[in-house]
file start12.txt (compact mmCIF, C-alpha atoms and all ligand atoms)
# COMPACT_ATOMS: atom_id res chain seq x y z
CA MET A 1 16.28 -44.57 1.46
CA ASP A 2 12.94 -44.21 -0.28
CA PHE A 3 11.20 -40.88 -0.24
CA ALA A 4 7.52 -39.88 -0.30
CA CYS A 5 6.15 -36.37 -0.55
CA PRO A 6 2.36 -36.35 -0.07
CA LEU A 7 0.34 -33.20 -0.63
CA THR A 8 -2.56 -34.16 1.65
CA VAL A 9 -2.84 -35.96 4.99
CA SER A 10 -5.03 -38.71 3.51
CA GLU A 11 -2.51 -39.32 0.71
CA GLY A 12 0.25 -39.57 3.35
CA ILE A 13 -1.67 -42.02 5.54
CA GLU A 14 -2.69 -44.11 2.54
CA THR A 15 0.97 -44.30 1.44
CA ILE A 16 2.12 -45.28 4.96
CA SER A 17 -0.50 -48.00 5.18
CA ARG A 18 1.02 -49.67 2.11
CA ILE A 19 4.60 -49.59 3.50
CA ASP A 20 5.75 -52.40 5.81
CA GLU A 21 9.11 -50.82 6.65
CA GLU A 22 9.89 -47.94 9.00
CA VAL A 23 8.68 -44.51 7.84
CA VAL A 24 9.98 -41.30 9.43
CA PHE A 25 8.30 -37.94 8.91
CA LEU A 26 10.32 -34.93 7.82
CA SER A 27 8.79 -31.58 8.72
CA GLY A 28 11.16 -28.64 9.25
CA GLY A 29 14.08 -31.07 9.46
CA THR A 30 15.88 -29.08 12.18
CA ASP A 31 16.12 -32.11 14.48
CA LEU A 32 15.80 -34.90 11.95
CA VAL A 33 18.42 -33.88 9.41
CA ILE A 34 21.08 -33.79 12.16
CA LYS A 35 20.16 -37.37 13.13
CA LEU A 36 20.17 -38.52 9.49
CA GLN A 37 23.53 -36.91 8.80
CA SER A 38 25.16 -38.41 11.90
CA GLY A 39 23.77 -41.84 11.06
CA GLU A 40 21.88 -41.97 14.36
CA ILE A 41 18.82 -43.09 12.40
CA GLU A 42 18.62 -44.83 9.03
CA PRO A 43 14.94 -45.19 8.16
CA ALA A 44 13.87 -47.18 5.11
CA TRP A 45 11.44 -44.41 4.18
CA LEU A 46 11.37 -40.66 4.66
CA MET A 47 8.05 -38.90 4.25
CA ASP A 48 8.29 -35.15 3.68
CA ILE A 49 5.15 -33.61 5.23
CA SER A 50 6.31 -30.01 4.84
CA LEU A 51 4.29 -29.46 1.64
CA ILE A 52 0.92 -30.43 3.14
CA PRO A 53 -1.04 -27.13 3.32
CA GLU A 54 -3.73 -28.51 5.65
CA LEU A 55 -1.11 -28.89 8.44
CA LYS A 56 -0.31 -25.16 8.41
CA PHE A 57 -2.89 -22.96 10.11
CA ILE A 58 -3.69 -21.01 13.26
CA LYS A 59 -7.35 -20.31 13.92
CA GLU A 60 -9.94 -19.63 16.57
CA ALA A 61 -12.88 -22.03 16.39
CA GLY A 62 -15.66 -21.81 18.97
CA ASP A 63 -14.01 -21.59 22.36
CA ARG A 64 -10.67 -23.06 21.27
CA ILE A 65 -7.50 -22.14 19.41
CA MET A 66 -6.42 -24.71 16.82
CA ILE A 67 -2.91 -24.92 15.40
CA GLY A 68 -1.77 -27.15 12.53
CA SER A 69 1.24 -29.30 13.39
CA GLY A 70 3.19 -27.91 10.42
CA THR A 71 2.99 -24.34 11.72
CA THR A 72 6.47 -22.92 12.16
CA PHE A 73 7.68 -21.08 15.24
CA SER A 74 8.04 -17.94 13.09
CA GLN A 75 4.34 -18.17 12.18
CA LEU A 76 3.42 -18.78 15.83
CA SER A 77 5.49 -15.90 17.14
CA GLU A 78 4.09 -13.53 14.49
CA SER A 79 0.46 -14.49 15.09
CA ALA A 80 -1.54 -11.74 16.81
CA LEU A 81 -4.13 -14.35 17.85
CA VAL A 82 -1.53 -16.48 19.66
CA ARG A 83 0.03 -13.37 21.23
CA GLN A 84 -3.34 -12.23 22.58
CA LYS A 85 -4.82 -15.57 23.62
CA ALA A 86 -1.78 -17.70 24.46
CA ARG A 87 1.02 -15.29 25.31
CA CYS A 88 3.22 -18.01 26.85
CA LEU A 89 3.22 -19.99 23.59
CA SER A 90 3.96 -16.86 21.58
CA GLN A 91 6.91 -16.07 23.86
CA ALA A 92 8.17 -19.67 23.74
CA ALA A 93 7.97 -19.66 19.92
CA SER A 94 9.91 -16.41 19.66
CA GLN A 95 12.74 -17.83 21.82
CA VAL A 96 13.32 -21.03 19.83
CA GLY A 97 16.77 -21.11 18.21
CA SER A 98 17.51 -18.43 15.63
CA ALA A 99 15.38 -16.78 12.92
CA GLN A 100 16.55 -19.45 10.44
CA ILE A 101 15.55 -22.27 12.80
CA ARG A 102 12.18 -20.65 13.61
CA ASN A 103 11.44 -20.35 9.87
CA ARG A 104 11.73 -24.15 9.47
CA ALA A 105 11.06 -25.68 12.91
CA THR A 106 7.45 -26.70 13.54
CA ILE A 107 5.38 -27.18 16.65
CA GLY A 108 4.54 -30.75 15.56
CA GLY A 109 8.25 -31.52 15.26
CA ASN A 110 8.91 -30.03 18.69
CA ILE A 111 6.24 -32.30 20.23
CA ALA A 112 7.30 -35.44 18.33
CA ASN A 113 10.98 -34.88 19.04
CA ALA A 114 10.04 -34.78 22.75
CA SER A 115 13.24 -33.20 24.04
CA PRO A 116 13.10 -32.58 27.82
CA ALA A 117 14.04 -28.97 26.97
CA GLY A 118 11.59 -28.41 24.07
CA ASP A 119 10.42 -24.82 24.44
CA SER A 120 6.80 -25.16 23.35
CA LEU A 121 6.18 -28.05 25.75
CA PRO A 122 5.80 -26.26 29.14
CA ALA A 123 3.53 -23.73 27.39
CA LEU A 124 1.36 -26.56 26.00
CA LEU A 125 1.13 -28.06 29.49
CA VAL A 126 -0.17 -24.86 31.13
CA LEU A 127 -2.55 -24.24 28.21
CA GLU A 128 -3.90 -27.79 28.79
CA ALA A 129 -3.48 -28.55 25.09
CA TRP A 130 -4.84 -31.54 23.23
CA VAL A 131 -3.10 -33.23 20.30
CA SER A 132 -4.80 -34.85 17.30
CA VAL A 133 -3.01 -37.77 15.74
CA ILE A 134 -3.73 -39.92 12.68
CA GLY A 135 -2.12 -43.15 11.56
CA PRO A 136 -2.84 -46.41 9.76
CA GLN A 137 -4.94 -47.48 12.80
CA GLY A 138 -7.12 -44.34 12.57
CA PHE A 139 -7.59 -41.01 14.33
CA ARG A 140 -7.28 -40.18 18.03
CA ARG A 141 -7.16 -37.07 20.19
CA VAL A 142 -5.28 -37.07 23.50
CA THR A 143 -4.16 -34.48 26.01
CA PHE A 144 -0.60 -33.32 25.43
CA ASP A 145 0.15 -34.49 28.98
CA GLN A 146 -0.94 -38.06 28.10
CA LEU A 147 0.92 -38.00 24.79
CA GLN A 148 4.22 -37.06 26.39
CA ALA A 149 3.77 -39.49 29.32
CA ARG A 150 4.18 -42.29 26.72
CA ASP A 151 2.26 -44.75 28.94
CA GLY A 152 0.03 -46.27 26.31
CA TYR A 153 -1.03 -42.91 24.86
CA GLY A 154 2.39 -41.90 23.50
CA LEU A 155 3.03 -41.26 19.82
CA GLN A 156 3.25 -44.58 17.94
CA LYS A 157 5.39 -45.33 14.90
CA LYS A 158 3.76 -44.06 11.67
CA GLU A 159 1.44 -41.76 13.62
CA LEU A 160 1.23 -38.22 12.32
CA ILE A 161 0.43 -35.27 14.61
CA THR A 162 -2.08 -33.16 12.69
CA GLU A 163 -3.30 -30.52 15.10
CA ILE A 164 -2.87 -28.97 18.54
CA ASP A 165 -5.77 -27.24 20.26
CA PHE A 166 -6.44 -25.65 23.63
CA PRO A 167 -9.35 -23.88 25.33
CA LEU A 168 -9.72 -20.10 25.39
CA TRP A 169 -9.94 -18.52 28.80
CA LYS A 170 -13.32 -16.87 29.44
CA PRO A 171 -13.37 -13.58 31.40
CA TYR A 172 -15.69 -13.25 34.43
CA GLY A 173 -16.11 -10.71 37.28
CA ASN A 174 -12.82 -9.04 38.23
CA ALA A 175 -10.81 -12.01 37.00
CA GLN A 176 -7.93 -11.47 34.59
CA MET A 177 -5.66 -14.02 33.01
CA ILE A 178 -2.05 -13.62 31.94
CA SER A 179 0.53 -16.16 30.91
CA ALA A 180 4.27 -16.02 30.35
CA PHE A 181 7.23 -18.19 29.32
CA GLY A 182 10.86 -17.86 30.37
CA LYS A 183 14.03 -19.75 29.57
CA ILE A 184 17.64 -19.91 30.66
CA GLY A 185 20.22 -21.16 28.21
CA SER A 186 23.98 -21.17 28.08
CA ARG A 187 23.88 -18.15 25.74
CA THR A 188 21.35 -15.41 25.09
CA ALA A 189 20.41 -16.74 21.61
CA VAL A 190 20.34 -20.03 19.63
CA SER A 191 20.51 -21.97 22.80
CA ILE A 192 18.74 -25.09 24.04
CA ALA A 193 17.13 -24.39 27.40
CA ARG A 194 18.95 -25.38 30.56
CA LEU A 195 15.68 -24.58 32.26
CA ASN A 196 12.40 -23.35 30.87
CA MET A 197 9.12 -22.55 32.55
CA ALA A 198 5.62 -21.42 31.66
CA ALA A 199 2.95 -20.00 33.94
CA MET A 200 -0.67 -19.10 33.40
CA VAL A 201 -2.20 -17.09 36.23
CA GLU A 202 -5.82 -16.16 36.73
CA PHE A 203 -6.01 -13.37 39.30
CA ASP A 204 -8.47 -10.93 40.85
CA SER A 205 -7.50 -7.56 39.40
CA LYS A 206 -9.19 -5.73 42.30
CA ASP A 207 -7.45 -7.25 45.31
CA GLN A 208 -4.48 -8.76 43.38
CA ARG A 209 -5.08 -12.31 44.63
CA ILE A 210 -4.37 -15.43 42.63
CA LEU A 211 -7.55 -17.33 41.82
CA ASN A 212 -5.96 -20.21 39.92
CA SER A 213 -2.61 -20.82 38.32
CA ARG A 214 -0.81 -23.43 36.25
CA TRP A 215 2.96 -23.82 36.23
CA ALA A 216 5.19 -26.14 34.21
CA VAL A 217 8.96 -26.59 34.03
CA GLY A 218 11.20 -28.25 31.47
CA ALA A 219 14.77 -29.61 31.42
CA LEU A 220 14.39 -31.14 34.87
CA GLY A 221 13.42 -34.66 33.89
CA LEU A 222 12.60 -36.88 30.93
CA THR A 223 9.63 -34.67 30.10
CA PRO A 224 8.45 -31.23 31.26
CA PHE A 225 5.94 -31.43 34.12
CA ARG A 226 3.22 -29.42 35.89
CA LEU A 227 3.81 -28.13 39.44
CA GLU A 228 0.49 -29.17 40.97
CA THR A 229 1.50 -28.67 44.62
CA LEU A 230 2.59 -25.09 43.89
CA GLU A 231 -0.64 -24.49 41.96
CA ARG A 232 -2.71 -25.57 45.02
CA GLU A 233 -0.58 -23.55 47.46
CA LEU A 234 -0.92 -20.33 45.47
CA GLN A 235 -4.72 -20.31 45.39
CA GLY A 236 -6.07 -17.18 47.13
CA LYS A 237 -2.61 -15.69 47.82
CA LYS A 238 -1.85 -11.99 47.34
CA VAL A 239 0.72 -11.11 44.70
CA ASP A 240 3.63 -9.37 46.48
CA GLN A 241 7.34 -9.75 47.19
CA ASP A 242 6.70 -12.40 49.88
CA LEU A 243 4.85 -14.49 47.34
CA ALA A 244 7.77 -14.22 44.91
CA GLU A 245 10.07 -15.55 47.65
CA GLU A 246 7.64 -18.37 48.43
CA ILE A 247 7.48 -19.39 44.76
CA ALA A 248 11.28 -19.24 44.41
CA ASP A 249 11.71 -21.41 47.56
CA HIS A 250 9.19 -23.92 46.27
CA LEU A 251 11.00 -24.14 42.91
CA THR A 252 14.36 -24.71 44.61
CA GLY A 253 12.71 -27.70 46.31
CA VAL A 254 11.39 -28.91 42.94
CA VAL A 255 14.95 -28.92 41.55
CA ASP A 256 16.28 -30.77 44.63
CA ARG A 257 13.63 -33.48 44.25
CA ALA A 258 13.95 -33.74 40.44
CA ILE A 259 17.74 -34.03 40.04
CA PRO A 260 19.27 -34.95 43.44
CA GLY A 261 23.05 -35.37 43.26
CA ARG A 262 23.20 -34.36 39.59
CA SER A 263 26.18 -32.10 38.72
CA SER A 264 23.74 -29.42 37.50
CA GLN A 265 21.71 -29.42 40.74
CA GLY A 266 23.64 -26.56 42.39
CA TYR A 267 23.36 -24.37 39.32
CA LYS A 268 19.72 -25.15 38.57
CA ARG A 269 18.48 -24.62 42.16
CA GLN A 270 19.82 -21.04 41.94
CA ALA A 271 18.93 -20.45 38.29
CA ILE A 272 15.31 -21.43 38.78
CA ARG A 273 14.92 -18.66 41.38
CA GLY A 274 16.07 -16.05 38.85
CA LEU A 275 13.78 -17.55 36.24
CA ALA A 276 10.84 -17.35 38.68
CA TYR A 277 11.53 -13.66 39.46
CA ASP A 278 11.79 -12.85 35.73
CA LEU A 279 8.53 -14.64 35.02
CA LEU A 280 6.71 -12.95 37.91
CA GLU A 281 7.98 -9.54 36.84
CA ASP A 282 6.75 -10.24 33.32
CA LEU A 283 3.37 -11.40 34.64
CA PHE A 284 2.75 -8.65 37.18
CA GLN A 285 5.20 -5.90 36.19
C1 LIG A 301 20.59 -24.73 15.95
C2 LIG A 301 19.35 -25.29 16.59
C3 LIG A 301 18.74 -24.59 17.62
C4 LIG A 301 17.58 -25.09 18.22
N1 LIG A 301 17.01 -24.37 19.23
C5 LIG A 301 15.91 -24.84 19.84
C6 LIG A 301 15.31 -24.11 20.90
O1 LIG A 301 15.76 -23.04 21.29
N2 LIG A 301 14.19 -24.63 21.48
C7 LIG A 301 13.64 -25.82 21.06
O2 LIG A 301 12.62 -26.25 21.62
N3 LIG A 301 14.20 -26.55 20.06
C8 LIG A 301 15.30 -26.09 19.44
N4 LIG A 301 15.88 -26.81 18.43
C9 LIG A 301 15.31 -28.11 18.07
C10 LIG A 301 14.29 -28.08 16.89
O3 LIG A 301 14.43 -26.92 16.11
C11 LIG A 301 12.84 -28.19 17.39
O4 LIG A 301 12.65 -29.35 18.17
C12 LIG A 301 11.83 -28.19 16.23
O5 LIG A 301 10.57 -27.83 16.75
C13 LIG A 301 11.69 -29.50 15.47
O6 LIG A 301 10.71 -29.31 14.46
P1 LIG A 301 10.98 -29.73 12.96
O7 LIG A 301 9.76 -29.37 12.18
O8 LIG A 301 12.26 -29.19 12.46
O9 LIG A 301 11.06 -31.31 13.14
P2 LIG A 301 11.88 -32.38 12.25
O10 LIG A 301 13.33 -32.22 12.46
O11 LIG A 301 11.36 -32.40 10.86
O12 LIG A 301 11.36 -33.71 12.99
C14 LIG A 301 11.71 -33.98 14.34
C15 LIG A 301 11.07 -35.31 14.75
O13 LIG A 301 9.66 -35.15 14.81
C16 LIG A 301 9.00 -36.03 13.89
N5 LIG A 301 7.88 -35.24 13.36
C17 LIG A 301 7.93 -34.00 12.81
N6 LIG A 301 6.69 -33.56 12.55
C18 LIG A 301 5.85 -34.56 12.93
C19 LIG A 301 4.42 -34.69 12.91
N7 LIG A 301 3.61 -33.73 12.44
N8 LIG A 301 3.88 -35.85 13.39
C20 LIG A 301 4.67 -36.84 13.86
N9 LIG A 301 6.01 -36.76 13.92
C21 LIG A 301 6.58 -35.62 13.44
C22 LIG A 301 10.05 -36.39 12.86
O14 LIG A 301 9.80 -37.65 12.26
C23 LIG A 301 11.30 -36.42 13.74
O15 LIG A 301 11.39 -37.65 14.42
C24 LIG A 301 17.03 -26.34 17.80
C25 LIG A 301 17.64 -27.04 16.74
C26 LIG A 301 18.77 -26.53 16.14
C27 LIG A 301 19.42 -27.31 15.02
call {"tool": "encode", "arguments": {"input": "start12.txt", "output": "structure tokens"}}
result
Amino acid sequence: MDFACPLTVSEGIETISRIDEEVVFLSGGTDLVIKLQSGEIEPAWLMDISLIPELKFIKEAGDRIMIGSGTTFSQLSESALVRQKARCLSQAASQVGSAQIRNRATIGGNIANASPAGDSLPALLVLEAWVSVIGPQGFRRVTFDQLQARDGYGLQKKELITEIDFPLWKPYGNAQMISAFGKIGSRTAVSIARLNMAAMVEFDSKDQRILNSRWAVGALGLTPFRLETLERELQGKKVDQDLAEEIADHLTGVVDRAIPGRSSQGYKRQAIRGLAYDLLEDLFQ
């Protein structure tokens, strides 16, 4: 195959615009190289985007956090800014694969690869992230939710993810915000999630009631999804053991509706309860 190695985004896009054949981006290579080696894909062109410095950054700008698509999970998990402002993403990043994988694997690659079990994806859903994309047809910015739904807004061939951004939560009154990510795999390390979940909870620190919350689960369908019914039901509820039971019961129902009759249903309807208790303990100690 032919190989291109641009040093800027504009050089990359200009090169793509001149190529009629299929071009596949290579970032960390942790998903792609396996597919190339097995012969699953045989693109005419490979474009290495791992040497483009402008795709590697984490910064706070105005009331948003912006992350370059070429940022590795090691960089994300080591970032104090991400840990403070988007704890669930920091936790998700630190649980991806092994140290070697995290040193190569990028958030852009995780989004583009679109595995149902991708660990950053539930976190991006609860953070209500947006994704910036550029291609031969120009630039666009879509919500991560729209991008992964693939219904007209999905990532097109030759489109490069450049940036991910999400709003910062603003404190007010007695309100506090905390987020967390949890995952269950077949082993404790280097394991693809059998279930993963992120939650972002805004609560009244005085009377311990939930003001608003966002929940998302992965590995239960083609793409991770938000739990909007649960989010509505939790509004105004006091955080206690009964609430933990209520959340666990709701999640069991989510599994039953998502994968009825699947061989993993029995396991996942139990496992998700444990995951919920772990997440709640992490959120509220
Ligand atoms: C041993 C092992 C363990 C793993 N463990 C986990 C895990 O625990 N959790 C998890 O979520 N994943 C895991 N993965 C999967 C993988 O590491 C992640 O999906 C990773 O984020 C992919 O990023 P990458 O930069 O390596 O992508 P690449 O392999 O370079 O690319 C993946 C796909 O995305 C496209 N792409 C990459 N960057 C862009 C971009 N900026 N714009 C458009 N398209 C792009 C490529 O063309 C390709 O189709 C594991 C993989 C391995 C091999």
call {"tool": "axis_aligned_box", "arguments": {"input": "start12.txt", "around": "ligand LIG 301 (chain A)", "padding_each_side": "8 Å", "output": "lines of an AutoDock Vina configuration file"}}
result
center_x = 12.1
center_y = -30.3
center_z = 16.2
size_x = 33.0
size_y = 30.6
size_z = 26.8
call {"tool": "atom_distance", "arguments": {"input": "start12.txt", "atom1": "atom CA of A:Lys59", "atom2": "atom CA of A:Ser17"}}
result
29.8 Å
call {"tool": "residues_near_point", "arguments": {"input": "start12.txt", "point": "(17.3, -25.9, 43.1)", "cutoff": "7 Å", "atoms": "only C-alpha atoms", "output": "MDAnalysis selection string"}}
result
chainID A and resid 251:256 265:266 268:270 272
call {"tool": "residues_around", "arguments": {"input": "start12.txt", "residues": "stretch 164-167 of chain A", "least_positions_apart": "5", "cutoff": "10 Å", "atoms": "all atoms listed in the file", "output": "PDB file with C-alpha atoms, keeping the file's coordinate frame"}}
result
ATOM      1  CA  ILE A  58      -3.690 -21.010  13.260  1.00  0.00           C
ATOM      2  CA  LYS A  59      -7.350 -20.310  13.920  1.00  0.00           C
ATOM      3  CA  GLU A  60      -9.940 -19.630  16.570  1.00  0.00           C
ATOM      4  CA  ALA A  61     -12.880 -22.030  16.390  1.00  0.00           C
ATOM      5  CA  GLY A  62     -15.660 -21.810  18.970  1.00  0.00           C
ATOM      6  CA  ASP A  63     -14.010 -21.590  22.360  1.00  0.00           C
ATOM      7  CA  ARG A  64     -10.670 -23.060  21.270  1.00  0.00           C
ATOM      8  CA  ILE A  65      -7.500 -22.140  19.410  1.00  0.00           C
ATOM      9  CA  MET A  66      -6.420 -24.710  16.820  1.00  0.00           C
ATOM     10  CA  ILE A  67      -2.910 -24.920  15.400  1.00  0.00           C
ATOM     11  CA  GLY A  68      -1.770 -27.150  12.530  1.00  0.00           C
ATOM     12  CA  SER A  69       1.240 -29.300  13.390  1.00  0.00           C
ATOM     13  CA  LYS A  85      -4.820 -15.570  23.620  1.00  0.00           C
ATOM     14  CA  ALA A  86      -1.780 -17.700  24.460  1.00  0.00           C
ATOM     15  CA  ILE A 107       5.380 -27.180  16.650  1.00  0.00           C
ATOM     16  CA  GLY A 108       4.540 -30.750  15.560  1.00  0.00           C
ATOM     17  CA  ILE A 111       6.240 -32.300  20.230  1.00  0.00           C
ATOM     18  CA  LEU A 124       1.360 -26.560  26.000  1.00  0.00           C
ATOM     19  CA  LEU A 125       1.130 -28.060  29.490  1.00  0.00           C
ATOM     20  CA  VAL A 126      -0.170 -24.860  31.130  1.00  0.00           C
ATOM     21  CA  LEU A 127      -2.550 -24.240  28.210  1.00  0.00           C
ATOM     22  CA  GLU A 128      -3.900 -27.790  28.790  1.00  0.00           C
ATOM     23  CA  ALA A 129      -3.480 -28.550  25.090  1.00  0.00           C
ATOM     24  CA  TRP A 130      -4.840 -31.540  23.230  1.00  0.00           C
ATOM     25  CA  VAL A 131      -3.100 -33.230  20.300  1.00  0.00           C
ATOM     26  CA  SER A 132      -4.800 -34.850  17.300  1.00  0.00           C
ATOM     27  CA  VAL A 133      -3.010 -37.770  15.740  1.00  0.00           C
ATOM     28  CA  ARG A 141      -7.160 -37.070  20.190  1.00  0.00           C
ATOM     29  CA  VAL A 142      -5.280 -37.070  23.500  1.00  0.00           C
ATOM     30  CA  THR A 143      -4.160 -34.480  26.010  1.00  0.00           C
ATOM     31  CA  PHE A 144      -0.600 -33.320  25.430  1.00  0.00           C
TER      32      PHE A 144
END
call {"tool": "residues_near_ligand", "arguments": {"input": "start12.txt", "ligand": "ligand LIG 301 (chain A)", "cutoff": "6 Å", "atoms": "only C-alpha atoms and all ligand atoms", "output": "short mmCIF file (atom, residue, chain, number, x, y, z; two decimals) with C-alpha atoms, keeping the file's coordinate frame"}}
result
data_model
loop_
_atom_site.label_atom_id
_atom_site.label_comp_id
_atom_site.auth_asym_id
_atom_site.auth_seq_id
_atom_site.Cartn_x
_atom_site.Cartn_y
_atom_site.Cartn_z
CA VAL A 24 9.98 -41.30 9.43
CA PHE A 25 8.30 -37.94 8.91
CA LEU A 26 10.32 -34.93 7.82
CA SER A 27 8.79 -31.58 8.72
CA GLY A 28 11.16 -28.64 9.25
CA GLY A 29 14.08 -31.07 9.46
CA THR A 30 15.88 -29.08 12.18
CA ASP A 31 16.12 -32.11 14.48
CA LEU A 32 15.80 -34.90 11.95
CA SER A 69 1.24 -29.30 13.39
CA VAL A 96 13.32 -21.03 19.83
CA GLY A 97 16.77 -21.11 18.21
CA ILE A 101 15.55 -22.27 12.80
CA ARG A 104 11.73 -24.15 9.47
CA ALA A 105 11.06 -25.68 12.91
CA THR A 106 7.45 -26.70 13.54
CA ILE A 107 5.38 -27.18 16.65
CA GLY A 108 4.54 -30.75 15.56
CA GLY A 109 8.25 -31.52 15.26
CA ASN A 110 8.91 -30.03 18.69
CA ALA A 112 7.30 -35.44 18.33
CA ASN A 113 10.98 -34.88 19.04
CA GLY A 118 11.59 -28.41 24.07
CA ASP A 119 10.42 -24.82 24.44
CA GLU A 159 1.44 -41.76 13.62
CA LEU A 160 1.23 -38.22 12.32
CA ILE A 161 0.43 -35.27 14.61
CA THR A 162 -2.08 -33.16 12.69
CA VAL A 190 20.34 -20.03 19.63
CA SER A 191 20.51 -21.97 22.80
CA ILE A 192 18.74 -25.09 24.04
#
call {"tool": "closest_residue", "arguments": {"input": "start12.txt", "among": "A:Thr15, A:Gln84, A:Gln148, A:Asn103", "to": "A:Ala180", "atoms": "all atoms listed in the file"}}
result
A:Gln84
call {"tool": "atom_distance", "arguments": {"input": "start12.txt", "atom1": "atom CA of A:Ser94", "atom2": "atom CA of A:Leu36"}}
result
26.4 Å
call {"tool": "atom_distance", "arguments": {"input": "start12.txt", "atom1": "atom CA of A:Gly218", "atom2": "atom CA of A:Ile247"}}
result
16.4 Å
call {"tool": "residues_around", "arguments": {"input": "start12.txt", "residues": "stretch 207-211 of chain A", "least_positions_apart": "6", "cutoff": "8 Å", "atoms": "all atoms listed in the file", "output": "list in words"}}
result
Ala175, Val201, Leu234, Gln235, Gly236, Lys237, Lys238 and Val239 of chain A
call {"tool": "residues_around", "arguments": {"input": "start12.txt", "residues": "A:Ser115", "least_positions_apart": "6", "cutoff": "9 Å", "atoms": "all atoms listed in the file", "output": "ChimeraX atom specification"}}
result
/A:121,219,222-224
call {"tool": "decode", "arguments": {"input": "start12.txt", "residues": "stretch 136-154 of chain A", "atoms": "N, CA and C atoms", "output": "CSV table (one decimal), in the first residue's frame"}}
result
chain,number,residue,atom,x,y,z
A,136,PRO,N,-12.2,16.2,3.1
A,136,PRO,CA,-12.2,16.9,1.8
A,136,PRO,C,-13.4,17.8,1.6
A,137,GLN,N,-14.5,17.5,2.3
A,137,GLN,CA,-15.8,18.3,2.1
A,137,GLN,C,-15.8,19.5,3.1
A,138,GLY,N,-14.8,19.6,4.0
A,138,GLY,CA,-14.8,20.7,4.9
A,138,GLY,C,-14.8,20.3,6.3
A,139,PHE,N,-15.2,21.3,7.2
A,139,PHE,CA,-15.1,21.1,8.7
A,139,PHE,C,-16.6,21.0,9.2
A,140,ARG,N,-16.8,20.1,10.2
A,140,ARG,CA,-18.1,20.1,10.9
A,140,ARG,C,-17.8,19.7,12.3
A,141,ARG,N,-18.8,20.1,13.2
A,141,ARG,CA,-18.7,19.8,14.6
A,141,ARG,C,-20.1,19.2,15.0
A,142,VAL,N,-20.1,18.0,15.6
A,142,VAL,CA,-21.3,17.3,15.9
A,142,VAL,C,-21.2,16.8,17.4
A,143,THR,N,-22.3,16.5,18.0
A,143,THR,CA,-22.3,15.9,19.3
A,143,THR,C,-21.7,14.5,19.1
A,144,PHE,N,-21.1,14.0,20.2
A,144,PHE,CA,-20.6,12.7,20.1
A,144,PHE,C,-21.7,11.7,19.9
A,145,ASP,N,-22.8,12.0,20.6
A,145,ASP,CA,-24.0,11.1,20.4
A,145,ASP,C,-24.5,11.0,19.0
A,146,GLN,N,-24.5,12.1,18.3
A,146,GLN,CA,-24.9,12.1,16.8
A,146,GLN,C,-23.9,11.3,16.0
A,147,LEU,N,-22.6,11.6,16.3
A,147,LEU,CA,-21.5,10.9,15.5
A,147,LEU,C,-21.6,9.4,15.6
A,148,GLN,N,-21.9,8.9,16.9
A,148,GLN,CA,-21.9,7.5,17.0
A,148,GLN,C,-23.2,6.9,16.5
A,149,ALA,N,-24.3,7.7,16.4
A,149,ALA,CA,-25.5,7.1,16.0
A,149,ALA,C,-25.5,6.8,14.5
A,150,ARG,N,-24.5,7.4,13.8
A,150,ARG,CA,-24.2,7.0,12.4
A,150,ARG,C,-25.4,7.3,11.4
A,151,ASP,N,-26.4,8.1,11.9
A,151,ASP,CA,-27.6,8.3,11.0
A,151,ASP,C,-27.4,9.6,10.3
A,152,GLY,N,-26.5,9.6,9.4
A,152,GLY,CA,-26.3,10.9,8.6
A,152,GLY,C,-25.2,11.7,9.1
A,153,TYR,N,-25.0,11.6,10.5
A,153,TYR,CA,-23.9,12.5,11.1
A,153,TYR,C,-22.7,11.6,11.3
A,154,GLY,N,-22.7,10.3,11.1
A,154,GLY,CA,-21.6,9.5,11.4
A,154,GLY,C,-20.3,9.8,10.7
